>>> print(open('upload_8.pdb').read())   # PDB, C-alpha atoms
ATOM      1  CA  MET A  13      -7.992  17.374 -13.033
ATOM      2  CA  GLY A  14      -8.737  13.998 -11.489
ATOM      3  CA  SER A  15     -11.698  13.509  -9.231
ATOM      4  CA  ARG A  16     -12.716  10.818  -6.831
ATOM      5  CA  GLU A  17     -15.896  10.087  -8.780
ATOM      6  CA  GLN A  18     -13.955   9.530 -12.009
ATOM      7  CA  TYR A  19     -11.270   7.377 -10.397
ATOM      8  CA  ALA A  20     -11.082   3.787 -11.579
ATOM      9  CA  PRO A  21      -8.040   1.602 -10.910
ATOM     10  CA  GLY A  22      -6.169   0.199 -13.888
ATOM     11  CA  ALA A  23      -5.481  -3.485 -14.473
ATOM     12  CA  ALA A  24      -3.623  -5.511 -11.873
ATOM     13  CA  SER A  25       0.049  -5.080 -12.726
ATOM     14  CA  GLY A  26       3.508  -4.576 -11.295
ATOM     15  CA  ALA A  27       3.016  -7.115  -8.518
ATOM     16  CA  GLU A  28       4.665 -10.400  -7.716
ATOM     17  CA  VAL A  29       4.790 -12.780  -4.802
ATOM     18  CA  ARG A  30       7.918 -14.201  -3.193
ATOM     19  CA  LYS A  31       6.955 -17.439  -1.500
ATOM     20  CA  ASP A  32       8.623 -18.785   1.593
ATOM     21  CA  GLY A  33       6.368 -21.599   2.823
ATOM     22  CA  GLU A  34       3.207 -20.047   4.275
ATOM     23  CA  LYS A  35       5.022 -16.729   4.610
ATOM     24  CA  TRP A  36       4.518 -14.821   1.404
ATOM     25  CA  VAL A  37       5.865 -11.418   0.492
ATOM     26  CA  LEU A  38       3.946  -9.093  -1.784
ATOM     27  CA  VAL A  39       6.229  -7.030  -4.020
ATOM     28  CA  LEU A  40       4.555  -4.100  -5.786
ATOM     29  CA  VAL A  41       6.501  -1.873  -8.179
ATOM     30  CA  ARG A  42       5.252   1.496  -9.386
ATOM     31  CA  ASP A  43       7.028   4.084 -11.537
ATOM     32  CA  LEU A  44       6.180   7.604 -10.400
ATOM     33  CA  ARG A  45       6.878  10.820 -12.294
ATOM     34  CA  HIS A  46       8.270  12.574  -9.223
ATOM     35  CA  PRO A  47      11.744  12.761  -7.647
ATOM     36  CA  PRO A  48      12.624  10.466  -4.729
ATOM     37  CA  ALA A  49      12.700  13.356  -2.218
ATOM     38  CA  LYS A  50       9.063  14.213  -2.991
ATOM     39  CA  VAL A  51       7.984  10.544  -2.838
ATOM     40  CA  TRP A  52       9.907  10.102   0.436
ATOM     41  CA  GLU A  53       7.994  13.003   1.985
ATOM     42  CA  ALA A  54       4.685  11.386   0.972
ATOM     43  CA  LEU A  55       5.780   8.078   2.598
ATOM     44  CA  THR A  56       6.917   9.623   5.886
ATOM     45  CA  ASP A  57       5.095  12.896   6.607
ATOM     46  CA  PRO A  58       1.877  12.369   8.648
ATOM     47  CA  GLU A  59       0.084  15.135   6.688
ATOM     48  CA  HIS A  60       0.852  13.356   3.418
ATOM     49  CA  LEU A  61       0.075   9.881   4.786
ATOM     50  CA  ARG A  62      -3.377  11.159   5.769
ATOM     51  CA  GLU A  63      -4.079  11.780   2.071
ATOM     52  CA  TRP A  64      -3.364   8.296   0.730
ATOM     53  CA  ALA A  65      -2.120   5.647   3.197
ATOM     54  CA  PRO A  66      -4.199   2.959   4.964
ATOM     55  CA  PHE A  67      -2.968   4.278   8.325
ATOM     56  CA  ASP A  68      -2.242   7.505  10.186
ATOM     57  CA  SER A  69       1.037   8.014  12.023
ATOM     58  CA  ASN A  70       1.575  10.002  15.199
ATOM     59  CA  ARG A  71       4.945  11.221  13.907
ATOM     60  CA  ASN A  72       7.139  11.543  10.843
ATOM     61  CA  LEU A  73       8.337   8.051   9.860
ATOM     62  CA  GLY A  74      11.580   9.426   8.408
ATOM     63  CA  ALA A  75      13.567   8.619  11.551
ATOM     64  CA  VAL A  76      14.318   5.315  13.287
ATOM     65  CA  GLY A  77      12.358   4.657  16.479
ATOM     66  CA  SER A  78       8.857   4.011  17.803
ATOM     67  CA  ALA A  79       5.679   5.392  16.278
ATOM     68  CA  THR A  80       1.966   4.688  16.569
ATOM     69  CA  LEU A  81       0.051   3.729  13.428
ATOM     70  CA  THR A  82      -3.745   3.845  13.423
ATOM     71  CA  THR A  83      -5.450   1.801  10.724
ATOM     72  CA  VAL A  84      -8.045   3.807   8.844
ATOM     73  CA  GLY A  85     -11.210   2.419   7.307
ATOM     74  CA  ALA A  86     -11.323  -0.687   9.499
ATOM     75  CA  PRO A  87     -14.620  -1.335  11.312
ATOM     76  CA  THR A  88     -12.834  -0.274  14.504
ATOM     77  CA  PRO A  89      -9.648   1.779  14.447
ATOM     78  CA  HIS A  90      -6.733  -0.573  14.992
ATOM     79  CA  VAL A  91      -3.869   1.126  16.796
ATOM     80  CA  SER A  92      -0.492  -0.536  16.658
ATOM     81  CA  GLU A  93       2.887   0.397  17.990
ATOM     82  CA  THR A  94       5.433   0.249  15.231
ATOM     83  CA  HIS A  95       9.149   0.487  15.087
ATOM     84  CA  VAL A  96      10.849   2.217  12.183
ATOM     85  CA  LYS A  97      13.846  -0.074  11.675
ATOM     86  CA  ARG A  98      15.460   1.774   8.809
ATOM     87  CA  ALA A  99      14.991   5.297   7.464
ATOM     88  CA  ASP A 100      17.616   5.955   4.829
ATOM     89  CA  ALA A 101      16.225   9.047   3.070
ATOM     90  CA  PRO A 102      15.272   9.071   0.276
ATOM     91  CA  LYS A 103      16.099   5.429  -0.474
ATOM     92  CA  VAL A 104      14.771   2.868   2.014
ATOM     93  CA  LEU A 105      12.082   2.953   4.695
ATOM     94  CA  GLU A 106      11.365  -0.145   6.815
ATOM     95  CA  PHE A 107       8.846  -0.559   9.606
ATOM     96  CA  SER A 108       6.386  -3.079  10.975
ATOM     97  CA  TRP A 109       2.632  -2.635  10.756
ATOM     98  CA  GLY A 110       0.274  -4.936  12.651
ATOM     99  CA  GLY A 111       3.014  -7.565  12.982
ATOM    100  CA  GLN A 112       3.866  -7.466   9.273
ATOM    101  CA  ASP A 113       7.044  -6.055   7.795
ATOM    102  CA  ILE A 114       6.852  -3.250   5.273
ATOM    103  CA  ARG A 115       9.790  -2.018   3.217
ATOM    104  CA  TRP A 116       9.695   0.818   0.704
ATOM    105  CA  GLU A 117      12.568   1.191  -1.752
ATOM    106  CA  LEU A 118      12.965   4.324  -3.869
ATOM    107  CA  GLU A 119      15.218   4.316  -6.931
ATOM    108  CA  PRO A 120      15.743   7.432  -9.027
ATOM    109  CA  ARG A 121      14.613   6.901 -12.620
ATOM    110  CA  SER A 122      14.814   9.458 -15.427
ATOM    111  CA  GLY A 123      12.887  12.365 -13.942
ATOM    112  CA  GLY A 124      11.051  10.184 -11.460
ATOM    113  CA  THR A 125      11.161   7.342  -8.960
ATOM    114  CA  ARG A 126      10.715   3.589  -9.123
ATOM    115  CA  LEU A 127       8.892   2.804  -5.883
ATOM    116  CA  THR A 128       8.962  -0.809  -4.652
ATOM    117  CA  LEU A 129       6.858  -2.009  -1.735
ATOM    118  CA  TRP A 130       7.714  -5.270   0.067
ATOM    119  CA  HIS A 131       4.958  -6.397   2.458
ATOM    120  CA  ASN A 132       4.722  -9.826   4.085
ATOM    121  CA  ILE A 133       1.057 -10.823   4.120
ATOM    122  CA  ASP A 134      -0.687 -14.061   5.013
ATOM    123  CA  ARG A 135      -1.118 -16.069   1.803
ATOM    124  CA  ARG A 136      -4.923 -16.104   2.220
ATOM    125  CA  PHE A 137      -5.138 -12.306   2.079
ATOM    126  CA  ILE A 138      -2.328 -11.451  -0.309
ATOM    127  CA  SER A 139      -4.592 -10.638  -3.270
ATOM    128  CA  MET A 140      -6.648  -8.327  -1.047
ATOM    129  CA  GLY A 141      -3.451  -6.659   0.122
ATOM    130  CA  ALA A 142      -2.296  -6.185  -3.466
ATOM    131  CA  ALA A 143      -5.668  -4.694  -4.461
ATOM    132  CA  GLY A 144      -5.649  -2.341  -1.467
ATOM    133  CA  TRP A 145      -2.088  -1.122  -2.033
ATOM    134  CA  HIS A 146      -2.769  -0.753  -5.780
ATOM    135  CA  ILE A 147      -5.560   1.735  -4.988
ATOM    136  CA  CYS A 148      -3.434   3.498  -2.325
ATOM    137  CA  LEU A 149      -0.606   3.947  -4.833
ATOM    138  CA  ASP A 150      -3.038   5.342  -7.422
ATOM    139  CA  VAL A 151      -4.217   7.880  -4.839
ATOM    140  CA  LEU A 152      -0.572   8.619  -3.940
ATOM    141  CA  GLU A 153       0.146   9.344  -7.611
ATOM    142  CA  GLN A 154      -2.746  11.822  -7.748
ATOM    143  CA  LEU A 155      -1.480  13.492  -4.562
ATOM    144  CA  LEU A 156       2.065  13.832  -5.940
ATOM    145  CA  ALA A 157       0.631  15.346  -9.125
ATOM    146  CA  GLY A 158      -1.065  18.017  -7.009
ATOM    147  CA  GLN A 159      -4.546  16.604  -7.659
ATOM    148  CA  PRO A 160      -5.431  14.829  -4.404
ATOM    149  CA  ILE A 161      -8.636  12.802  -4.539
ATOM    150  CA  GLY A 162      -8.573  11.762  -0.875
ATOM    151  CA  ARG A 163      -7.681   8.448   0.631
ATOM    152  CA  ILE A 164      -9.637   5.349  -0.440
ATOM    153  CA  VAL A 165      -9.004   2.552   2.061
ATOM    154  CA  GLY A 166     -10.599  -0.239   4.062
ATOM    155  CA  ALA A 167     -14.296  -0.935   3.606
ATOM    156  CA  GLU A 168     -14.683   2.115   1.375
ATOM    157  CA  ALA A 169     -12.054   0.813  -1.056
ATOM    158  CA  MET A 170     -13.869  -2.529  -1.183
ATOM    159  CA  LYS A 171     -17.036  -0.779  -2.359
ATOM    160  CA  PHE A 172     -15.220   0.380  -5.480
ATOM    161  CA  GLY A 173     -16.053  -1.964  -8.349
ATOM    162  CA  GLY A 174     -12.374  -1.831  -9.216
ATOM    163  CA  TRP A 175     -11.328  -3.351  -5.903
ATOM    164  CA  GLN A 176     -13.258  -6.605  -6.444
ATOM    165  CA  ARG A 177     -11.812  -6.875  -9.959
ATOM    166  CA  LEU A 178      -8.265  -6.173  -8.734
ATOM    167  CA  ASN A 179      -8.627  -8.716  -5.921
ATOM    168  CA  ALA A 180      -9.690 -11.363  -8.473
ATOM    169  CA  GLU A 181      -6.989 -10.378 -11.008
ATOM    170  CA  TYR A 182      -4.194 -10.459  -8.432
ATOM    171  CA  ALA A 183      -5.477 -13.776  -7.014
ATOM    172  CA  LYS A 184      -5.297 -15.243 -10.518
ATOM    173  CA  GLN A 185      -1.783 -13.845 -11.073
ATOM    174  CA  PHE A 186      -0.600 -15.232  -7.729
ATOM    175  CA  GLY A 187      -2.341 -18.591  -8.185
ATOM    176  CA  VAL A 188      -4.530 -18.294  -5.082
ATOM    177  CA  GLU A 189      -8.261 -18.401  -4.441
ATOM    178  CA  PRO A 190      -9.547 -14.844  -4.038
ATOM    179  CA  PRO A 191     -10.909 -14.543  -0.512
ATOM    180  CA  SER A 192     -14.623 -13.815  -0.510
ATOM    181  CA  TRP A 193     -15.202 -10.453   1.095
ATOM    182  CA  PRO A 194     -17.028  -9.821   3.312
ATOM    183  CA  PRO A 195     -15.946 -13.190   4.783
ATOM    184  CA  ASN A 196     -19.460 -14.645   4.881
ATOM    185  CA  ALA A 197     -20.387 -13.613   1.332
ATOM    186  CA  PRO A 198     -21.034 -16.418  -1.144
ATOM    187  CA  LYS A 199     -18.242 -16.865  -3.689
ATOM    188  CA  PRO A 200     -19.153 -15.397  -7.088
TER     189      PRO A 200
END
>>> encode(input="upload_8.pdb", output="structure tokens")
Amino acid sequence: MGSREQYAPGAASGAEVRKDGEKWVLVLVRDLRHPPAKVWEALTDPEHLREWAPFDSNRNLGAVGSATLTTVGAPTPHVSETHVKRADAPKVLEFSWGGQDIRWELEPRSGGTRLTLWHNIDRRFISMGAAGWHICLDVLEQLLAGQPIGRIVGAEAMKFGGWQRLNAEYAKQFGVEPPSWPPNAPKP
């Protein structure tokens, strides 16, 4: 049985960056041992999102239309109106979050699901985004396995030794300077 205290993220992997000038897209791929329908529920159901995602939703995201997403773990809760552009269960979910586009793709794989996240993030913060999503997806995996360890996001995620390492590893993989965090901290 996994526990929050024992959790440590693995090495930075399964991520790539698609570059389009200053607009970069983070692409994270994760193979999960659960069927697409179960993964879809975790991506769309507010009760499930509360267990792993960096935001809460005021409604199920499995239908096209407006929703309100509240960022969790930020110094002040950031509430943003979002629009679910595409909800093709259990294959594709697209919505915007804080002005950035997010697309989840679910492909059935033998006994499980290949989950791909596409997220356009400012180049300066893309390694941080990758590190944050990496930890969220680890927590999602635990939740799907019936061993929830509780969401680890925002400032709390950054306190994990693993987050700093992931941020640096992804920055190296993407060929960017890791942003120093907090912003006024001296670079290591």
>>> resolve_selection(input="upload_8.pdb", expression="the PyMOL selection byres ((chain A and resi 29) around 12)", output="MDAnalysis selection string")
chainID A and resid 26:28 30:41 129:135 138:139 141:142 182:188
>>> write_last_selection(input="upload_8.pdb", atoms="C-alpha atoms", output="mmCIF file, keeping the file's coordinate frame")
data_model
loop_
_atom_site.group_PDB
_atom_site.id
_atom_site.type_symbol
_atom_site.label_atom_id
_atom_site.label_comp_id
_atom_site.auth_asym_id
_atom_site.auth_seq_id
_atom_site.Cartn_x
_atom_site.Cartn_y
_atom_site.Cartn_z
ATOM 1 C CA GLY A 26 3.508 -4.576 -11.295
ATOM 2 C CA ALA A 27 3.016 -7.115 -8.518
ATOM 3 C CA GLU A 28 4.665 -10.400 -7.716
ATOM 4 C CA ARG A 30 7.918 -14.201 -3.193
ATOM 5 C CA LYS A 31 6.955 -17.439 -1.500
ATOM 6 C CA ASP A 32 8.623 -18.785 1.593
ATOM 7 C CA GLY A 33 6.368 -21.599 2.823
ATOM 8 C CA GLU A 34 3.207 -20.047 4.275
ATOM 9 C CA LYS A 35 5.022 -16.729 4.610
ATOM 10 C CA TRP A 36 4.518 -14.821 1.404
ATOM 11 C CA VAL A 37 5.865 -11.418 0.492
ATOM 12 C CA LEU A 38 3.946 -9.093 -1.784
ATOM 13 C CA VAL A 39 6.229 -7.030 -4.020
ATOM 14 C CA LEU A 40 4.555 -4.100 -5.786
ATOM 15 C CA VAL A 41 6.501 -1.873 -8.179
ATOM 16 C CA LEU A 129 6.858 -2.009 -1.735
ATOM 17 C CA TRP A 130 7.714 -5.270 0.067
ATOM 18 C CA HIS A 131 4.958 -6.397 2.458
ATOM 19 C CA ASN A 132 4.722 -9.826 4.085
ATOM 20 C CA ILE A 133 1.057 -10.823 4.120
ATOM 21 C CA ASP A 134 -0.687 -14.061 5.013
ATOM 22 C CA ARG A 135 -1.118 -16.069 1.803
ATOM 23 C CA ILE A 138 -2.328 -11.451 -0.309
ATOM 24 C CA SER A 139 -4.592 -10.638 -3.270
ATOM 25 C CA GLY A 141 -3.451 -6.659 0.122
ATOM 26 C CA ALA A 142 -2.296 -6.185 -3.466
ATOM 27 C CA TYR A 182 -4.194 -10.459 -8.432
ATOM 28 C CA ALA A 183 -5.477 -13.776 -7.014
ATOM 29 C CA LYS A 184 -5.297 -15.243 -10.518
ATOM 30 C CA GLN A 185 -1.783 -13.845 -11.073
ATOM 31 C CA PHE A 186 -0.600 -15.232 -7.729
ATOM 32 C CA GLY A 187 -2.341 -18.591 -8.185
ATOM 33 C CA VAL A 188 -4.530 -18.294 -5.082
#
>>> closest_residue(input="upload_8.pdb", among="A:Ile114, A:Met170, A:Val104, A:Met140", to="Ala49 (chain A)", atoms="only C-alpha atoms")
A:Val104
>>> resolve_selection(input="upload_8.pdb", expression="the PyMOL selection byres ((chain A and resi 108) around 12)", output="ChimeraX atom specification")
/A:73,76-81,92-98,105-107,109-116,130-133
>>> atom_distance(input="upload_8.pdb", atom1="CA of Pro47 (chain A)", atom2="CA of Gly123 (chain A)")
6.4 Å
>>> axis_aligned_box(input="upload_8.pdb", around="region 153-165 of chain A", padding_each_side="5 Å", output="JSON")
{"center_x": -3.8, "center_y": 10.3, "center_z": -3.5, "size_x": 21.7, "size_y": 25.5, "size_z": 21.2}
>>> residues_near_point(input="upload_8.pdb", point="(8.6, 14.2, -8.3)", cutoff="10 Å", atoms="only C-alpha atoms", output="list in words")
Leu44, Arg45, His46, Pro47, Pro48, Ala49, Lys50, Val51, Trp52, Pro120, Gly123, Gly124, Thr125, Glu153, Leu156 and Ala157 of chain A
>>> closest_atom_pairs(input="upload_8.pdb", of="region 154-200 of chain A", to="region 55-63 of chain A", cutoff="12 Å", atoms="only C-alpha atoms", output="CSV")
residue,atom,partner,partner_atom,distance
A:Gln154,CA,A:Glu63,CA,9.9
A:Leu155,CA,A:Glu63,CA,7.3
A:Leu156,CA,A:His60,CA,9.4
A:Gly158,CA,A:Glu63,CA,11.4
A:Gln159,CA,A:Glu63,CA,10.9
A:Pro160,CA,A:Glu63,CA,7.3
A:Ile161,CA,A:Glu63,CA,8.1
A:Gly162,CA,A:Glu63,CA,5.4
A:Arg163,CA,A:Glu63,CA,5.1
A:Ile164,CA,A:Glu63,CA,8.9
A:Val165,CA,A:Glu63,CA,10.5
>>> atom_distance(input="upload_8.pdb", atom1="CA of Lys103 (chain A)", atom2="CA of Asp150 (chain A)")
20.4 Å
>>> atom_distance(input="upload_8.pdb", atom1="CA of Arg71 (chain A)", atom2="CA of His90 (chain A)")
16.6 Å
>>> resolve_selection(input="upload_8.pdb", expression="the PyMOL selection byres ((chain A and resi 16-20) around 8)", output="number ranges by chain")
A: 14-15, 21-22, 161-162, 174
